[in-house]
file work.cif (mmCIF, C-alpha atoms)
data_work
#
loop_
_atom_site.group_PDB
_atom_site.id
_atom_site.type_symbol
_atom_site.label_atom_id
_atom_site.label_comp_id
_atom_site.auth_asym_id
_atom_site.auth_seq_id
_atom_site.Cartn_x
_atom_site.Cartn_y
_atom_site.Cartn_z
ATOM 1 C CA MET A 21 115.692 30.870 177.753
ATOM 2 C CA HIS A 22 113.348 33.836 177.441
ATOM 3 C CA THR A 23 114.941 36.855 175.676
ATOM 4 C CA THR A 24 113.914 39.305 178.413
ATOM 5 C CA PHE A 25 115.434 37.024 181.038
ATOM 6 C CA LYS A 26 118.674 36.784 179.010
ATOM 7 C CA LEU A 27 118.872 40.567 178.780
ATOM 8 C CA ALA A 28 118.274 40.864 182.495
ATOM 9 C CA LEU A 29 121.041 38.395 183.217
ATOM 10 C CA GLY A 30 123.356 40.292 180.846
ATOM 11 C CA ALA A 31 122.650 43.590 182.564
ATOM 12 C CA ALA A 32 123.172 41.976 185.958
ATOM 13 C CA ALA A 33 126.515 40.593 184.825
ATOM 14 C CA ILE A 34 127.645 44.035 183.630
ATOM 15 C CA LEU A 35 126.610 45.638 186.917
ATOM 16 C CA ALA A 36 128.371 42.898 188.852
ATOM 17 C CA ALA A 37 131.526 43.460 186.811
ATOM 18 C CA PHE A 38 131.390 47.202 187.506
ATOM 19 C CA GLY A 39 130.851 46.510 191.185
ATOM 20 C CA ALA A 40 133.783 44.134 191.336
ATOM 21 C CA SER A 41 136.054 46.565 189.497
ATOM 22 C CA ALA A 42 135.042 49.382 191.833
ATOM 23 C CA GLN A 43 135.844 47.286 194.892
ATOM 24 C CA THR A 44 139.314 46.470 193.570
ATOM 25 C CA PHE A 45 140.065 49.915 192.136
ATOM 26 C CA PRO A 46 142.769 50.562 191.229
ATOM 27 C CA ALA A 47 143.674 47.117 189.925
ATOM 28 C CA ALA A 48 147.212 45.924 190.583
ATOM 29 C CA GLY A 49 149.592 46.896 187.820
ATOM 30 C CA LYS A 50 147.146 49.231 186.058
ATOM 31 C CA ASN A 51 148.148 52.873 185.707
ATOM 32 C CA ILE A 52 145.876 55.839 186.345
ATOM 33 C CA THR A 53 146.338 58.611 183.795
ATOM 34 C CA ILE A 54 145.740 62.288 184.556
ATOM 35 C CA VAL A 55 145.250 64.185 181.313
ATOM 36 C CA VAL A 56 146.609 67.733 181.438
ATOM 37 C CA PRO A 57 145.197 69.839 178.566
ATOM 38 C CA PHE A 58 148.305 72.046 178.509
ATOM 39 C CA SER A 59 151.964 71.656 177.590
ATOM 40 C CA ALA A 60 154.522 69.976 179.817
ATOM 41 C CA GLY A 61 156.422 72.308 182.116
ATOM 42 C CA GLY A 62 153.626 74.846 182.545
ATOM 43 C CA PRO A 63 151.885 75.726 185.844
ATOM 44 C CA THR A 64 149.010 73.236 185.448
ATOM 45 C CA ASP A 65 151.413 70.461 184.446
ATOM 46 C CA ARG A 66 153.483 71.111 187.571
ATOM 47 C CA VAL A 67 150.375 70.961 189.774
ATOM 48 C CA ALA A 68 149.349 67.683 188.110
ATOM 49 C CA ARG A 69 152.748 66.062 188.660
ATOM 50 C CA ASP A 70 152.795 67.034 192.320
ATOM 51 C CA LEU A 71 149.240 65.744 192.715
ATOM 52 C CA ALA A 72 150.065 62.466 190.960
ATOM 53 C CA GLU A 73 152.779 61.799 193.509
ATOM 54 C CA ALA A 74 150.510 62.730 196.434
ATOM 55 C CA LEU A 75 147.774 60.370 195.180
ATOM 56 C CA ARG A 76 150.040 57.308 194.951
ATOM 57 C CA LYS A 77 149.938 56.313 198.614
ATOM 58 C CA PRO A 78 146.196 56.803 199.272
ATOM 59 C CA LEU A 79 145.502 54.861 196.059
ATOM 60 C CA GLY A 80 147.416 51.862 197.344
ATOM 61 C CA GLY A 81 150.692 52.654 195.627
ATOM 62 C CA ALA A 82 149.164 52.881 192.165
ATOM 63 C CA THR A 83 151.230 54.502 189.432
ATOM 64 C CA VAL A 84 149.700 57.816 188.346
ATOM 65 C CA VAL A 85 151.034 59.139 185.038
ATOM 66 C CA ILE A 86 150.580 62.454 183.227
ATOM 67 C CA ASP A 87 149.380 62.762 179.634
ATOM 68 C CA ASN A 88 149.855 66.250 178.163
ATOM 69 C CA ALA A 89 147.204 66.797 175.494
ATOM 70 C CA ALA A 90 147.584 70.512 174.795
ATOM 71 C CA GLY A 91 145.832 72.767 172.318
ATOM 72 C CA ALA A 92 142.730 74.785 171.486
ATOM 73 C CA GLY A 93 142.465 76.475 174.870
ATOM 74 C CA SER A 94 142.424 73.147 176.766
ATOM 75 C CA THR A 95 139.525 71.725 174.728
ATOM 76 C CA ILE A 96 141.587 68.950 173.063
ATOM 77 C CA GLY A 97 142.614 67.299 176.306
ATOM 78 C CA THR A 98 139.236 67.933 177.908
ATOM 79 C CA THR A 99 137.484 66.262 174.956
ATOM 80 C CA LYS A 100 139.830 63.287 175.264
ATOM 81 C CA VAL A 101 138.667 62.677 178.833
ATOM 82 C CA ALA A 102 134.995 63.273 178.026
ATOM 83 C CA ARG A 103 135.254 60.438 175.459
ATOM 84 C CA ALA A 104 137.393 58.119 177.583
ATOM 85 C CA GLN A 105 136.261 54.826 179.115
ATOM 86 C CA PRO A 106 134.411 55.745 182.335
ATOM 87 C CA ASP A 107 136.347 53.399 184.603
ATOM 88 C CA GLY A 108 138.395 55.787 186.740
ATOM 89 C CA TYR A 109 141.687 55.140 184.955
ATOM 90 C CA THR A 110 141.517 58.332 182.871
ATOM 91 C CA LEU A 111 141.097 61.602 184.764
ATOM 92 C CA LEU A 112 141.343 65.292 183.881
ATOM 93 C CA LEU A 113 143.094 68.081 185.730
ATOM 94 C CA ASN A 114 141.975 71.427 184.352
ATOM 95 C CA HIS A 115 142.025 74.944 185.712
ATOM 96 C CA ILE A 116 139.717 77.957 185.611
ATOM 97 C CA GLY A 117 139.225 77.214 181.906
ATOM 98 C CA MET A 118 136.480 74.725 182.805
ATOM 99 C CA SER A 119 134.344 77.732 183.741
ATOM 100 C CA THR A 120 135.243 79.911 180.758
ATOM 101 C CA ILE A 121 135.316 77.610 177.713
ATOM 102 C CA PRO A 122 131.505 77.221 177.721
ATOM 103 C CA THR A 123 131.307 80.932 176.822
ATOM 104 C CA LEU A 124 134.594 81.394 174.952
ATOM 105 C CA TYR A 125 133.755 78.560 172.516
ATOM 106 C CA ARG A 126 130.293 78.656 170.972
ATOM 107 C CA LYS A 127 130.593 75.025 169.831
ATOM 108 C CA LEU A 128 132.127 72.372 172.061
ATOM 109 C CA PRO A 129 132.138 68.562 171.681
ATOM 110 C CA PHE A 130 131.245 68.229 175.357
ATOM 111 C CA ASN A 131 129.140 69.859 178.051
ATOM 112 C CA VAL A 132 131.192 70.978 181.045
ATOM 113 C CA LEU A 133 128.409 70.434 183.584
ATOM 114 C CA ASN A 134 126.880 67.271 182.135
ATOM 115 C CA ASP A 135 129.707 65.212 180.616
ATOM 116 C CA PHE A 136 132.018 64.911 183.619
ATOM 117 C CA GLU A 137 132.008 63.578 187.142
ATOM 118 C CA TYR A 138 133.349 66.185 189.554
ATOM 119 C CA LEU A 139 135.975 64.956 192.006
ATOM 120 C CA GLY A 140 137.105 68.089 193.878
ATOM 121 C CA ILE A 141 139.025 71.355 193.690
ATOM 122 C CA VAL A 142 142.754 70.964 194.367
ATOM 123 C CA ASN A 143 144.186 74.470 194.814
ATOM 124 C CA ASP A 144 143.968 78.191 194.148
ATOM 125 C CA VAL A 145 146.763 80.163 192.474
ATOM 126 C CA PRO A 146 146.687 83.926 193.197
ATOM 127 C CA MET A 147 147.355 86.470 190.464
ATOM 128 C CA THR A 148 149.219 89.761 190.419
ATOM 129 C CA ILE A 149 148.883 93.054 188.566
ATOM 130 C CA ILE A 150 152.375 93.858 187.296
ATOM 131 C CA SER A 151 153.888 96.497 185.002
ATOM 132 C CA ARG A 152 156.989 97.347 183.030
ATOM 133 C CA PRO A 153 159.734 98.616 185.352
ATOM 134 C CA THR A 154 159.672 102.123 183.851
ATOM 135 C CA LEU A 155 155.990 102.812 184.542
ATOM 136 C CA GLU A 156 155.807 106.005 186.589
ATOM 137 C CA ALA A 157 152.909 105.002 188.890
ATOM 138 C CA LYS A 158 154.237 104.316 192.395
ATOM 139 C CA ASN A 159 151.189 102.518 193.828
ATOM 140 C CA TYR A 160 147.834 101.105 192.773
ATOM 141 C CA LYS A 161 145.978 104.407 193.234
ATOM 142 C CA GLU A 162 148.369 106.111 190.827
ATOM 143 C CA LEU A 163 148.165 103.144 188.449
ATOM 144 C CA ALA A 164 144.354 103.349 188.315
ATOM 145 C CA ALA A 165 144.571 107.083 187.583
ATOM 146 C CA TRP A 166 147.160 106.453 184.844
ATOM 147 C CA ILE A 167 144.928 103.810 183.226
ATOM 148 C CA ALA A 168 141.912 106.146 183.337
ATOM 149 C CA GLN A 169 143.950 108.866 181.660
ATOM 150 C CA ASN A 170 145.493 106.702 178.932
ATOM 151 C CA LYS A 171 142.711 104.126 178.307
ATOM 152 C CA GLU A 172 143.221 102.387 174.922
ATOM 153 C CA LYS A 173 146.841 103.552 174.833
ATOM 154 C CA VAL A 174 147.566 101.076 177.641
ATOM 155 C CA ASN A 175 148.948 97.796 176.263
ATOM 156 C CA LEU A 176 147.747 94.868 178.369
ATOM 157 C CA GLY A 177 149.661 91.674 177.595
ATOM 158 C CA HIS A 178 148.488 88.096 178.139
ATOM 159 C CA SER A 179 149.608 84.567 177.263
ATOM 160 C CA GLY A 180 146.872 83.712 174.770
ATOM 161 C CA LEU A 181 143.112 83.593 174.289
ATOM 162 C CA GLY A 182 141.426 81.866 177.210
ATOM 163 C CA SER A 183 144.584 81.872 179.337
ATOM 164 C CA ALA A 184 144.418 82.852 182.985
ATOM 165 C CA GLY A 185 146.157 86.129 182.183
ATOM 166 C CA HIS A 186 143.687 86.910 179.407
ATOM 167 C CA LEU A 187 140.721 86.227 181.688
ATOM 168 C CA CYS A 188 142.139 88.236 184.570
ATOM 169 C CA GLY A 189 142.801 91.113 182.180
ATOM 170 C CA LEU A 190 139.198 91.005 180.973
ATOM 171 C CA MET A 191 137.917 91.039 184.554
ATOM 172 C CA PHE A 192 140.271 93.917 185.437
ATOM 173 C CA GLN A 193 139.045 96.022 182.510
ATOM 174 C CA HIS A 194 135.420 95.150 183.297
ATOM 175 C CA ALA A 195 135.853 96.190 186.928
ATOM 176 C CA LEU A 196 137.561 99.465 185.983
ATOM 177 C CA GLN A 197 135.124 100.106 183.119
ATOM 178 C CA SER A 198 138.183 100.982 181.067
ATOM 179 C CA ALA A 199 139.062 99.243 177.787
ATOM 180 C CA MET A 200 142.790 98.738 177.199
ATOM 181 C CA THR A 201 144.554 97.368 174.129
ATOM 182 C CA PRO A 202 145.098 93.588 174.503
ATOM 183 C CA VAL A 203 148.367 92.074 173.245
ATOM 184 C CA ALA A 204 148.319 88.290 172.925
ATOM 185 C CA TYR A 205 151.418 86.099 173.197
ATOM 186 C CA LYS A 206 152.073 82.385 172.845
ATOM 187 C CA GLY A 207 152.720 81.794 176.513
ATOM 188 C CA ALA A 208 153.530 83.786 179.631
ATOM 189 C CA ALA A 209 157.321 83.750 179.180
ATOM 190 C CA PRO A 210 157.481 85.884 175.992
ATOM 191 C CA ALA A 211 154.832 88.230 177.393
ATOM 192 C CA ILE A 212 156.818 88.820 180.586
ATOM 193 C CA THR A 213 160.012 89.270 178.554
ATOM 194 C CA ASP A 214 158.348 92.069 176.585
ATOM 195 C CA LEU A 215 156.948 93.562 179.795
ATOM 196 C CA ILE A 216 160.448 93.713 181.266
ATOM 197 C CA GLY A 217 161.687 95.274 178.031
ATOM 198 C CA GLY A 218 158.938 97.901 178.025
ATOM 199 C CA GLN A 219 157.185 96.742 174.849
ATOM 200 C CA ILE A 220 153.923 96.365 176.793
ATOM 201 C CA ASP A 221 152.658 98.169 179.892
ATOM 202 C CA LEU A 222 150.713 95.761 182.077
ATOM 203 C CA MET A 223 149.914 92.116 182.777
ATOM 204 C CA CYS A 224 147.767 90.168 185.173
ATOM 205 C CA ASP A 225 149.304 86.744 185.693
ATOM 206 C CA GLN A 226 149.749 83.904 188.140
ATOM 207 C CA THR A 227 152.228 84.086 190.995
ATOM 208 C CA THR A 228 153.722 80.906 189.513
ATOM 209 C CA ASN A 229 154.840 83.040 186.552
ATOM 210 C CA THR A 230 155.500 86.418 188.184
ATOM 211 C CA SER A 231 157.107 85.854 191.605
ATOM 212 C CA THR A 232 160.641 85.402 190.281
ATOM 213 C CA GLN A 233 160.469 88.635 188.272
ATOM 214 C CA ILE A 234 158.909 90.535 191.177
ATOM 215 C CA GLU A 235 161.609 89.335 193.574
ATOM 216 C CA ALA A 236 164.316 90.358 191.099
ATOM 217 C CA LYS A 237 162.609 93.765 190.729
ATOM 218 C CA LYS A 238 162.466 93.328 186.971
ATOM 219 C CA VAL A 239 158.771 94.307 187.051
ATOM 220 C CA LYS A 240 156.628 96.435 189.363
ATOM 221 C CA VAL A 241 153.792 94.826 191.337
ATOM 222 C CA TYR A 242 150.712 96.858 192.294
ATOM 223 C CA ALA A 243 148.112 94.436 193.611
ATOM 224 C CA VAL A 244 147.038 90.842 194.147
ATOM 225 C CA THR A 245 143.677 89.563 192.912
ATOM 226 C CA THR A 246 142.581 87.617 196.007
ATOM 227 C CA LYS A 247 140.042 88.541 198.694
ATOM 228 C CA GLU A 248 142.763 88.949 201.290
ATOM 229 C CA ARG A 249 146.453 89.792 201.206
ATOM 230 C CA LEU A 250 148.807 86.874 200.640
ATOM 231 C CA LYS A 251 150.869 85.466 203.485
ATOM 232 C CA THR A 252 154.006 84.750 201.466
ATOM 233 C CA PRO A 253 156.989 86.919 202.508
ATOM 234 C CA LEU A 254 157.459 88.266 198.972
ATOM 235 C CA LEU A 255 153.879 89.512 198.529
ATOM 236 C CA LYS A 256 152.528 89.975 202.064
ATOM 237 C CA ASP A 257 152.742 93.780 201.799
ATOM 238 C CA VAL A 258 151.082 93.996 198.379
ATOM 239 C CA PRO A 259 147.474 95.298 198.642
ATOM 240 C CA THR A 260 144.468 93.569 197.132
ATOM 241 C CA LEU A 261 142.425 95.090 194.324
ATOM 242 C CA ARG A 262 139.547 95.158 196.794
ATOM 243 C CA GLU A 263 141.574 97.542 198.943
ATOM 244 C CA GLY A 264 142.052 99.645 195.817
ATOM 245 C CA GLY A 265 138.294 100.046 195.415
ATOM 246 C CA LEU A 266 137.333 97.027 193.267
ATOM 247 C CA LYS A 267 135.220 95.568 196.050
ATOM 248 C CA ASP A 268 133.998 92.385 194.343
ATOM 249 C CA PHE A 269 137.260 91.473 192.622
ATOM 250 C CA ASN A 270 138.436 87.934 193.328
ATOM 251 C CA VAL A 271 140.288 85.936 190.680
ATOM 252 C CA THR A 272 142.378 82.854 191.315
ATOM 253 C CA VAL A 273 143.486 80.097 188.974
ATOM 254 C CA TRP A 274 141.920 77.105 190.681
ATOM 255 C CA HIS A 275 142.494 73.522 189.531
ATOM 256 C CA GLY A 276 139.948 70.715 189.682
ATOM 257 C CA LEU A 277 139.948 66.949 189.093
ATOM 258 C CA TYR A 278 137.346 65.262 186.848
ATOM 259 C CA ALA A 279 136.373 61.835 185.512
ATOM 260 C CA PRO A 280 134.278 60.868 182.467
ATOM 261 C CA LYS A 281 130.510 60.813 182.962
ATOM 262 C CA GLY A 282 129.278 57.382 184.000
ATOM 263 C CA THR A 283 132.286 56.387 186.085
ATOM 264 C CA PRO A 284 130.957 54.021 188.830
ATOM 265 C CA ALA A 285 130.013 55.754 192.072
ATOM 266 C CA GLU A 286 132.261 53.439 194.116
ATOM 267 C CA VAL A 287 135.257 54.361 191.971
ATOM 268 C CA LEU A 288 134.481 58.075 192.265
ATOM 269 C CA LYS A 289 134.245 57.707 196.034
ATOM 270 C CA ARG A 290 137.604 55.950 196.134
ATOM 271 C CA ILE A 291 139.306 58.670 194.082
ATOM 272 C CA ASN A 292 137.750 61.511 196.070
ATOM 273 C CA GLU A 293 138.808 59.914 199.350
ATOM 274 C CA ALA A 294 142.352 59.694 197.978
ATOM 275 C CA LEU A 295 142.182 63.336 196.884
ATOM 276 C CA GLN A 296 141.116 64.412 200.363
ATOM 277 C CA VAL A 297 144.184 62.672 201.768
ATOM 278 C CA ALA A 298 146.456 64.134 199.061
ATOM 279 C CA VAL A 299 145.514 67.779 199.738
ATOM 280 C CA LYS A 300 146.509 67.294 203.392
ATOM 281 C CA ASP A 301 149.874 65.762 202.508
ATOM 282 C CA PRO A 302 152.565 68.077 204.004
ATOM 283 C CA GLU A 303 154.936 67.468 201.095
ATOM 284 C CA PHE A 304 152.228 68.295 198.535
ATOM 285 C CA ILE A 305 151.317 71.471 200.445
ATOM 286 C CA LYS A 306 154.998 72.472 200.607
ATOM 287 C CA LYS A 307 155.466 71.958 196.855
ATOM 288 C CA GLN A 308 152.329 73.944 196.054
ATOM 289 C CA GLU A 309 153.374 76.807 198.309
ATOM 290 C CA GLY A 310 156.654 76.819 196.401
ATOM 291 C CA LEU A 311 154.617 77.476 193.245
ATOM 292 C CA GLY A 312 152.706 80.296 194.943
ATOM 293 C CA ALA A 313 149.572 78.135 195.167
ATOM 294 C CA VAL A 314 147.226 77.631 198.130
ATOM 295 C CA VAL A 315 146.003 74.048 198.593
ATOM 296 C CA VAL A 316 142.243 73.852 199.074
ATOM 297 C CA SER A 317 141.091 73.437 202.664
ATOM 298 C CA ASP A 318 137.355 74.000 202.272
ATOM 299 C CA LYS A 319 134.328 72.007 201.100
ATOM 300 C CA ARG A 320 135.193 72.489 197.420
ATOM 301 C CA VAL A 321 137.291 69.330 197.708
ATOM 302 C CA LEU A 322 133.949 67.475 197.821
ATOM 303 C CA PRO A 323 132.320 66.578 194.462
ATOM 304 C CA ALA A 324 128.998 68.358 195.003
ATOM 305 C CA GLU A 325 130.665 71.557 196.223
ATOM 306 C CA HIS A 326 133.157 71.402 193.342
ATOM 307 C CA LYS A 327 130.344 71.295 190.785
ATOM 308 C CA LYS A 328 128.392 74.033 192.568
ATOM 309 C CA PHE A 329 131.499 76.229 192.531
ATOM 310 C CA VAL A 330 132.172 75.679 188.805
ATOM 311 C CA HIS A 331 128.534 76.448 187.984
ATOM 312 C CA ALA A 332 128.858 79.796 189.793
ATOM 313 C CA GLU A 333 132.179 80.499 188.057
ATOM 314 C CA ILE A 334 130.586 79.846 184.638
ATOM 315 C CA ASP A 335 127.917 82.425 185.431
ATOM 316 C CA LYS A 336 130.533 84.948 186.645
ATOM 317 C CA TRP A 337 132.836 84.644 183.648
ATOM 318 C CA SER A 338 129.988 84.538 181.133
ATOM 319 C CA VAL A 339 129.127 88.151 181.964
ATOM 320 C CA VAL A 340 132.734 89.317 181.548
ATOM 321 C CA ILE A 341 133.442 87.404 178.315
ATOM 322 C CA LYS A 342 130.192 88.437 176.644
ATOM 323 C CA ALA A 343 130.718 92.084 177.606
ATOM 324 C CA ALA A 344 134.171 91.967 175.991
ATOM 325 C CA GLY A 345 132.983 89.989 172.947
ATOM 326 C CA ALA A 346 135.989 87.717 173.492
ATOM 327 C CA TYR A 347 135.030 84.553 171.617
ATOM 328 C CA ALA A 348 137.394 81.919 170.271
ATOM 329 C CA ASP A 349 135.254 81.134 167.232
#

call {"tool": "encode", "arguments": {"input": "work.cif", "output": "structure tokens"}}
result
Amino acid sequence: MHTTFKLALGAAAILAAFGASAQTFPAAGKNITIVVPFSAGGPTDRVARDLAEALRKPLGGATVVIDNAAGAGSTIGTTKVARAQPDGYTLLLNHIGMSTIPTLYRKLPFNVLNDFEYLGIVNDVPMTIISRPTLEAKNYKELAAWIAQNKEKVNLGHSGLGSAGHLCGLMFQHALQSAMTPVAYKGAAPAITDLIGGQIDLMCDQTTNTSTQIEAKKVKVYAVTTKERLKTPLLKDVPTLREGGLKDFNVTVWHGLYAPKGTPAEVLKRINEALQVAVKDPEFIKKQEGLGAVVVSDKRVLPAEHKKFVHAEIDKWSVVIKAAGAYAD
């Protein structure tokens, strides 16, 4: 048989195999793994576990398991998925970090825009500007004046380089044109503990981390970081930073689902269709609202819109990170 003909037959066989696997995806008895590039028990892990459950039914009852591959600002787990077999059985759930690591890390073993298939945005988690309970400012206007007066004397805590709180803090300083003194912690819990104790002055962190402390009045809350006020009973009367004069301020910790580059189109379509069903699941929506998250209800749940959104977020955060000189290496 002619060599060229053999190669053609081989290629045809591979394509046929991919086609067959896509049509039967997910195969009976084969687990789908969602890699979470953060520790178990954290906000992103909780979103992933709720999503895994919501995806089971639209994926034909398939078992969806979570693999926590934490470290290096989410780059360890993200690399793991970039290098995984592109068959749809290994997925990534990552947050806003997908738009910031391209600037935070000058050398990465993957390209965020080119080495993944985009499957859709899952949710948005609002953030809050909170302070130690003894801070004298009674509202956001007084807080802004206090920051302007004290500048570098203001200690702004966050849960680590590249964390949502770190990024929000950078954006807050950039918008105010006022540099504060950053204080990094290994996680949100110790940072909030020190905030309550008065060791630091301010934080910007997710509602998933701050709502309990706000409700207990252990910290003061001055603003939310979303375009509009939140509808939750606890925070519905808290003004937005836009109302406070930061007109373009809009920061949420969104989560998106990804697959390795080269995953068959039919498989991607199957997963995205399941995702679209999952984000409308009443139980999933209820669980996310309990975390202070808003399940996506716009076109970002579609792959093309997801990628377009991340591209714009990369551009937005690049300006802030470069202005602050906040690089991980």

call {"tool": "resolve_selection", "arguments": {"input": "work.cif", "expression": "the PyMOL selection byres ((chain A and resi 125) around 10)", "output": "PyMOL selection string"}}
result
chain A and resi 92-93+95+120-124+126-128+182+346-349

call {"tool": "closest_residue", "arguments": {"input": "work.cif", "among": "A:Val287, A:Leu254, A:Ile86, A:Ala199", "to": "Ala47 of chain A", "atoms": "all atoms listed in the file"}}
result
A:Val287

call {"tool": "closest_atom_pairs", "arguments": {"input": "work.cif", "of": "segment 199-279 of chain A", "to": "segment 131-136 of chain A", "cutoff": "12 Å", "atoms": "all atoms listed in the file", "output": "tab-separated table"}}
result
residue	atom	partner	partner_atom	distance
A:Gly276	CA	A:Phe136	CA	11.5
A:Leu277	CA	A:Phe136	CA	9.8
A:Tyr278	CA	A:Phe136	CA	6.2
A:Ala279	CA	A:Phe136	CA	5.7

call {"tool": "closest_residue", "arguments": {"input": "work.cif", "among": "A:Ser231, A:Thr53, A:Asn292, A:Thr64", "to": "Ile149 of chain A", "atoms": "all atoms listed in the file"}}
result
A:Ser231

call {"tool": "atom_distance", "arguments": {"input": "work.cif", "atom1": "atom CA of Val84 of chain A", "atom2": "atom CA of Arg69 of chain A"}}
result
8.8 Å

call {"tool": "closest_residue", "arguments": {"input": "work.cif", "among": "A:Thr228, A:Thr283, A:Thr98, A:Ser338", "to": "Val67 of chain A", "atoms": "all atoms listed in the file"}}
result
A:Thr228

call {"tool": "closest_residue", "arguments": {"input": "work.cif", "among": "A:Leu181, A:Val174, A:Val315, A:Cys188", "to": "Gln219 of chain A", "atoms": "all atoms listed in the file"}}
result
A:Val174

call {"tool": "residues_around", "arguments": {"input": "work.cif", "residues": "segment 153-161 of chain A", "least_positions_apart": "4", "cutoff": "12 Å", "atoms": "all atoms listed in the file", "output": "PyMOL selection string"}}
result
chain A and resi 148-149+165-168+174-175+212-222+233-234+236-244+257-266

call {"tool": "closest_residue", "arguments": {"input": "work.cif", "among": "A:His331, A:Thr44, A:Phe192, A:Glu309", "to": "Asn270 of chain A", "atoms": "all atoms listed in the file"}}
result
A:Phe192

call {"tool": "atom_distance", "arguments": {"input": "work.cif", "atom1": "atom CA of Pro202 of chain A", "atom2": "atom CA of Ala344 of chain A"}}
result
11.1 Å

call {"tool": "closest_residue", "arguments": {"input": "work.cif", "among": "A:Val330, A:Met223, A:Leu71, A:Val56", "to": "Pro302 of chain A", "atoms": "only C-alpha atoms"}}
result
A:Leu71

call {"tool": "build_atoms", "arguments": {"input": "work.cif", "residues": "segment 329-347 of chain A", "atoms": "N, CA and C atoms", "output": "PDB file, in the coordinates of the input"}}
result
ATOM      1  N   PHE A 329     130.539  75.140 192.709  1.00  0.00           N
ATOM      2  CA  PHE A 329     131.499  76.229 192.531  1.00  0.00           C
ATOM      3  C   PHE A 329     131.726  76.526 191.050  1.00  0.00           C
ATOM      4  N   VAL A 330     131.934  75.485 190.237  1.00  0.00           N
ATOM      5  CA  VAL A 330     132.172  75.679 188.805  1.00  0.00           C
ATOM      6  C   VAL A 330     130.951  76.305 188.140  1.00  0.00           C
ATOM      7  N   HIS A 331     129.768  75.873 188.537  1.00  0.00           N
ATOM      8  CA  HIS A 331     128.534  76.448 187.984  1.00  0.00           C
ATOM      9  C   HIS A 331     128.495  77.961 188.235  1.00  0.00           C
ATOM     10  N   ALA A 332     128.852  78.365 189.451  1.00  0.00           N
ATOM     11  CA  ALA A 332     128.858  79.796 189.793  1.00  0.00           C
ATOM     12  C   ALA A 332     129.946  80.534 189.017  1.00  0.00           C
ATOM     13  N   GLU A 333     131.092  79.891 188.811  1.00  0.00           N
ATOM     14  CA  GLU A 333     132.179  80.499 188.057  1.00  0.00           C
ATOM     15  C   GLU A 333     131.795  80.683 186.582  1.00  0.00           C
ATOM     16  N   ILE A 334     131.065  79.720 186.018  1.00  0.00           N
ATOM     17  CA  ILE A 334     130.586  79.846 184.638  1.00  0.00           C
ATOM     18  C   ILE A 334     129.709  81.088 184.503  1.00  0.00           C
ATOM     19  N   ASP A 335     128.811  81.262 185.454  1.00  0.00           N
ATOM     20  CA  ASP A 335     127.917  82.425 185.431  1.00  0.00           C
ATOM     21  C   ASP A 335     128.717  83.726 185.546  1.00  0.00           C
ATOM     22  N   LYS A 336     129.722  83.740 186.427  1.00  0.00           N
ATOM     23  CA  LYS A 336     130.533  84.948 186.645  1.00  0.00           C
ATOM     24  C   LYS A 336     131.306  85.321 185.389  1.00  0.00           C
ATOM     25  N   TRP A 337     131.992  84.359 184.801  1.00  0.00           N
ATOM     26  CA  TRP A 337     132.836  84.644 183.648  1.00  0.00           C
ATOM     27  C   TRP A 337     132.027  84.879 182.379  1.00  0.00           C
ATOM     28  N   SER A 338     130.848  84.324 182.310  1.00  0.00           N
ATOM     29  CA  SER A 338     129.988  84.538 181.133  1.00  0.00           C
ATOM     30  C   SER A 338     129.701  86.021 180.938  1.00  0.00           C
ATOM     31  N   VAL A 339     129.425  86.718 182.024  1.00  0.00           N
ATOM     32  CA  VAL A 339     129.127  88.151 181.964  1.00  0.00           C
ATOM     33  C   VAL A 339     130.329  88.923 181.428  1.00  0.00           C
ATOM     34  N   VAL A 340     131.518  88.595 181.933  1.00  0.00           N
ATOM     35  CA  VAL A 340     132.734  89.317 181.548  1.00  0.00           C
ATOM     36  C   VAL A 340     133.097  89.051 180.091  1.00  0.00           C
ATOM     37  N   ILE A 341     133.052  87.787 179.675  1.00  0.00           N
ATOM     38  CA  ILE A 341     133.442  87.404 178.315  1.00  0.00           C
ATOM     39  C   ILE A 341     132.476  87.970 177.291  1.00  0.00           C
ATOM     40  N   LYS A 342     131.183  87.910 177.586  1.00  0.00           N
ATOM     41  CA  LYS A 342     130.192  88.437 176.644  1.00  0.00           C
ATOM     42  C   LYS A 342     130.316  89.955 176.528  1.00  0.00           C
ATOM     43  N   ALA A 343     130.577  90.610 177.647  1.00  0.00           N
ATOM     44  CA  ALA A 343     130.718  92.084 177.606  1.00  0.00           C
ATOM     45  C   ALA A 343     131.906  92.504 176.746  1.00  0.00           C
ATOM     46  N   ALA A 344     132.968  91.659 176.766  1.00  0.00           N
ATOM     47  CA  ALA A 344     134.171  91.967 175.991  1.00  0.00           C
ATOM     48  C   ALA A 344     134.074  91.455 174.558  1.00  0.00           C
ATOM     49  N   GLY A 345     133.097  90.606 174.279  1.00  0.00           N
ATOM     50  CA  GLY A 345     132.983  89.989 172.947  1.00  0.00           C
ATOM     51  C   GLY A 345     134.176  89.122 172.629  1.00  0.00           C
ATOM     52  N   ALA A 346     134.753  88.485 173.669  1.00  0.00           N
ATOM     53  CA  ALA A 346     135.989  87.717 173.492  1.00  0.00           C
ATOM     54  C   ALA A 346     135.673  86.247 173.230  1.00  0.00           C
ATOM     55  N   TYR A 347     135.349  85.931 171.995  1.00  0.00           N
ATOM     56  CA  TYR A 347     135.030  84.553 171.617  1.00  0.00           C
ATOM     57  C   TYR A 347     136.166  83.949 170.816  1.00  0.00           C
TER      58      TYR A 347
END
